[in-house]
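S.K.: This structure is in C-alpha cells; I'll ask about it shortly.
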Amino acid sequence: MFHLRNKTTMVDPDHALRGRQQTVPVAARHAVLGTPLQPPFPEGFEQAIFGMGCFWGAERVFWQAPGVYATAVGYAGGFTPNPTYEEVCGGRTGHAEVVLAVFDPQATTCGDLLRLFWENHDPTQGMRRGNDTGTQYRSIILYSNNAQEAAAESSRAAYGERLRAAGHGEITTEIEAAGPFYYAEDYHHQYLHKNPMGYCGLGGTGVSCPVGLASAAGAQ
C-alpha cells in the first residue's frame with residue numbers, strides 16, 4: 001500500500017531523479033503519417049500536449065484526426081530531464097505520459113483536439129486512468145499559447161457541466177503552460193500501428209463534449 005500511495009503522490013522537485021543530458025534516439029519520420037517526428041515543423045503550425053493515460057492509445061486518437069500533421073509520445077509536466085520509461089513509471093520524475101500533437105490551424109482547431117481529448121478518457125479519476133495507477137497517468141493539458149490556454153479552460157468548464165449532469169465527479173485535469181517535452185523511447189511511438197493487438201486502456205465516459213465551443217470559435 002505504501003508503494004501504491006507513493007506512486008499516486010506527486011514527487012517533490014528536490015526529491016525527483018536527476019535525469020541526464022542525452023536525449024533518446026527516435027525515428028526520423030512518423031510510421032503512419034510519414035511526416036517528421038521532430039522539429040522543425042512547418043511554419044504557422046501549432047503544438048499542443050495532452051496526457052490522458054497510457055500514451056499508446058492516446059497517440060492513435062490524434063494521428064487519426066484531420067488537420068494533425070504529426071504526433072509523438074513522450075514525457076512532460078515533471079522535473080527530470082530526459083527520463084526513461086521505467087523512471088517515469090516509478091513515480092520519481094513528476095512527468096505524465098503525454099502526446100505531442102502538431103496541427104495545422106487552417107485545417108483544424110485547438111477546440112477540435114480538445115473535444116477528442118475530453119471524449120476519449122475519463123478526466124475525473126485523479127492519479128489514475130482505469131486500472132492504470134500512478135502520477136504518470138494523470139489527465140493534463142499543456143498549452144503553447146494564450147489562445148490554447150483560454151480554449152482549454154473554457155472547454156474544461158463546459159465539459160464539467162456535462163459530466164456533472166450525467167452523474168460524474170469533478171474534473172481533475174491539470175492545465176499548465178508547456179515546458180520541455182522529452183521524447184519517449186523509439187518503440188513507444190505509433191505503438192498501436194506497429195503492434196495492432198497491443199494494450200490500449202483508453203476509455204471515455206460516454207458523455208459528449210459540446211461541439212462549437214466558444215473558445216474554439218474564437219480561435220478560428
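Chain labels follow the order of the C-alpha cells: the first chain is A, the next B, and so on; residue numbering restarts at 1 in every chain, and ligands are counted from 1 in their shown order.
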Based on the backbone DSSP call, show me all residues of region 70-183 of chain A assigned alpha helix (DSSP H), as a tab-separated table (two decimals) with C-alpha atoms, in the first residue's frame.

M.R.:
```
chain	number	residue	atom	x	y	z
A	85	TYR	CA	10.06	4.97	-19.35
A	86	GLU	CA	10.95	2.93	-16.27
A	87	GLU	CA	11.83	6.09	-14.32
A	88	VAL	CA	8.55	7.77	-15.24
A	89	CYS	CA	6.60	4.67	-14.23
A	110	CYS	CA	-7.45	23.53	-30.77
A	111	GLY	CA	-11.13	23.15	-29.87
A	112	ASP	CA	-11.42	20.13	-32.17
A	113	LEU	CA	-8.43	18.48	-30.47
A	114	LEU	CA	-9.79	19.32	-27.03
A	115	ARG	CA	-13.05	17.57	-27.89
A	116	LEU	CA	-11.09	14.43	-28.75
A	117	PHE	CA	-9.14	14.79	-25.52
A	118	TRP	CA	-12.22	15.06	-23.29
A	119	GLU	CA	-14.28	12.38	-25.00
A	146	ASN	CA	-2.71	32.17	-24.67
A	147	ALA	CA	-5.41	31.12	-27.13
A	148	GLN	CA	-4.83	27.45	-26.32
A	149	GLU	CA	-4.96	28.22	-22.60
A	150	ALA	CA	-8.29	30.03	-22.98
A	151	ALA	CA	-9.70	27.19	-25.10
A	152	ALA	CA	-8.58	24.59	-22.56
A	153	GLU	CA	-10.06	26.45	-19.59
A	154	SER	CA	-13.34	27.11	-21.39
A	155	SER	CA	-13.68	23.52	-22.56
A	156	ARG	CA	-12.96	22.19	-19.06
A	157	ALA	CA	-15.77	24.31	-17.64
A	158	ALA	CA	-18.20	23.31	-20.40
A	159	TYR	CA	-17.40	19.61	-20.21
A	160	GLY	CA	-17.50	19.69	-16.43
A	161	GLU	CA	-21.13	20.80	-16.62
A	162	ARG	CA	-21.95	17.90	-18.95
A	163	LEU	CA	-20.22	15.41	-16.67
A	164	ARG	CA	-21.98	16.64	-13.54
A	165	ALA	CA	-25.32	16.46	-15.31
```

S.K.: Taking only region 164-198 of chain A into account, list the residues labelled strand (DSSP E or B) by DSSP (computed from the backbone), as a list in words.

M.R.: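 Restricting region 164-198 of chain A to strand (DSSP E or B) produces Glu174, Ile175, Glu176, Ala177, Tyr182 and Tyr183 of chain A.
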
S.K.: Next, the residues of the selection above should be written as a compact mmCIF listing (two decimals), in the first residue's frame with C-alpha atoms.

M.R.:
```txt
# COMPACT_ATOMS: atom_id res chain seq x y z
CA GLU A 174 -4.39 19.95 -14.89
CA ILE A 175 -3.96 22.85 -17.33
CA GLU A 176 -0.46 24.31 -17.45
CA ALA A 177 1.93 26.11 -19.77
CA TYR A 182 11.02 14.70 -23.72
CA TYR A 183 10.60 12.14 -26.50
```

S.K.: Quick one: of A:Phe45, A:Trp56, A:Phe181, A:Tyr187, who's nearest to Pro25 (chain A), counting only C-alpha atoms?

M.R.: A:Tyr187

S.K.: For Val26 (chain A), list every protein, DNA or RNA residue within 12 Å, evaluated using only C-alpha atoms, and leave out those in the same chain fewer than 6 positions away; present the list as a PyMOL selection string.

M.R.: chain A and resi 36-38+72-74+182-190

S.K.: Can those selected residues be exported to a file as a short mmCIF file (atom, residue, chain, number, x, y, z; two decimals), in the first residue's frame so that it contains C-alpha atoms?

M.R.:
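Wrote it out as selection38.cif, contents follow:
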```
data_model
loop_
_atom_site.label_atom_id
_atom_site.label_comp_id
_atom_site.auth_asym_id
_atom_site.auth_seq_id
_atom_site.Cartn_x
_atom_site.Cartn_y
_atom_site.Cartn_z
CA PRO A 36 8.98 14.39 -39.45
CA LEU A 37 8.77 13.25 -35.85
CA GLN A 38 10.87 16.14 -34.55
CA ALA A 72 4.83 11.84 -30.86
CA VAL A 73 4.72 10.29 -27.40
CA GLY A 74 6.84 11.44 -24.53
CA TYR A 182 11.02 14.70 -23.72
CA TYR A 183 10.60 12.14 -26.50
CA ALA A 184 9.91 8.60 -25.35
CA GLU A 185 11.98 5.66 -26.47
CA ASP A 186 11.52 4.82 -30.15
CA TYR A 187 9.46 1.66 -29.67
CA HIS A 188 6.68 3.66 -27.97
CA HIS A 189 5.99 5.90 -30.98
CA GLN A 190 2.96 4.81 -33.03
#
```

S.K.: List the spatial neighbours of Tyr199 (chain A) as a tab-separated table (two decimals) with C-alpha atoms, in the first residue's frame - criterion: any atom at most 12 Å away, only C-alpha atoms, same-chain residues fewer than 4 positions off excluded.

M.R.:
```tsv
chain	number	residue	atom	x	y	z
A	54	CYS	CA	-1.28	5.36	-21.35
A	55	PHE	CA	0.12	7.25	-24.33
A	56	TRP	CA	-0.11	4.36	-26.79
A	57	GLY	CA	-3.85	4.63	-27.31
A	58	ALA	CA	-3.91	8.39	-26.83
A	132	ASP	CA	-3.52	2.22	-14.67
A	188	HIS	CA	6.68	3.66	-27.97
A	191	TYR	CA	2.96	1.68	-30.88
A	192	LEU	CA	-0.53	0.52	-31.82
A	193	HIS	CA	0.30	0.82	-35.52
A	194	LYS	CA	3.37	-1.36	-35.03
A	195	ASN	CA	1.52	-3.68	-32.62
```

S.K.: Please measure the separation of CA of Ala31 (chain A) and CA of Gly130 (chain A), giving the value in Å to one decimal.

M.R.: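 Separation of CA of Ala31 (chain A) and CA of Gly130 (chain A): 27.9 Å.
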
S.K.: Looking at A:Gly198, A:Gly94, A:Gly34, A:Pro40, which one is nearest to His15 (chain A), with distances taken over only C-alpha atoms?

M.R.: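 Distance minimum relative to His15 (chain A) lands on A:Gly94.
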
S.K.: Measure the distance from CA of Ile141 (chain A) to CA of Val99 (chain A) in Å and round it to one decimal.

M.R.: 9.8 Å

S.K.: Determine the nearest neighbour of Glu43 (chain A) from the options A:Gly206, A:Gly19, A:Pro81, A:Pro105, counting only C-alpha atoms.

M.R.: A:Pro105

S.K.: So how many Å separate CA of Pro13 (chain A) and CA of Arg92 (chain A), to one decimal?

M.R.: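 Computing the Euclidean distance for CA of Pro13 (chain A) and CA of Arg92 (chain A) yields 9.1 Å.
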
S.K.: So which residues touch Gln106 (chain A) within 12 Å, counting only C-alpha atoms, skipping near sequence neighbours fewer than 6 positions away, as a list in words?

M.R.: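 So, after excluding close chain neighbours, the residues are Glu43, Gly44, Phe45, Glu46, Pro66, Gly67, Val68, Tyr69, Ala219 and Gln220 of chain A.
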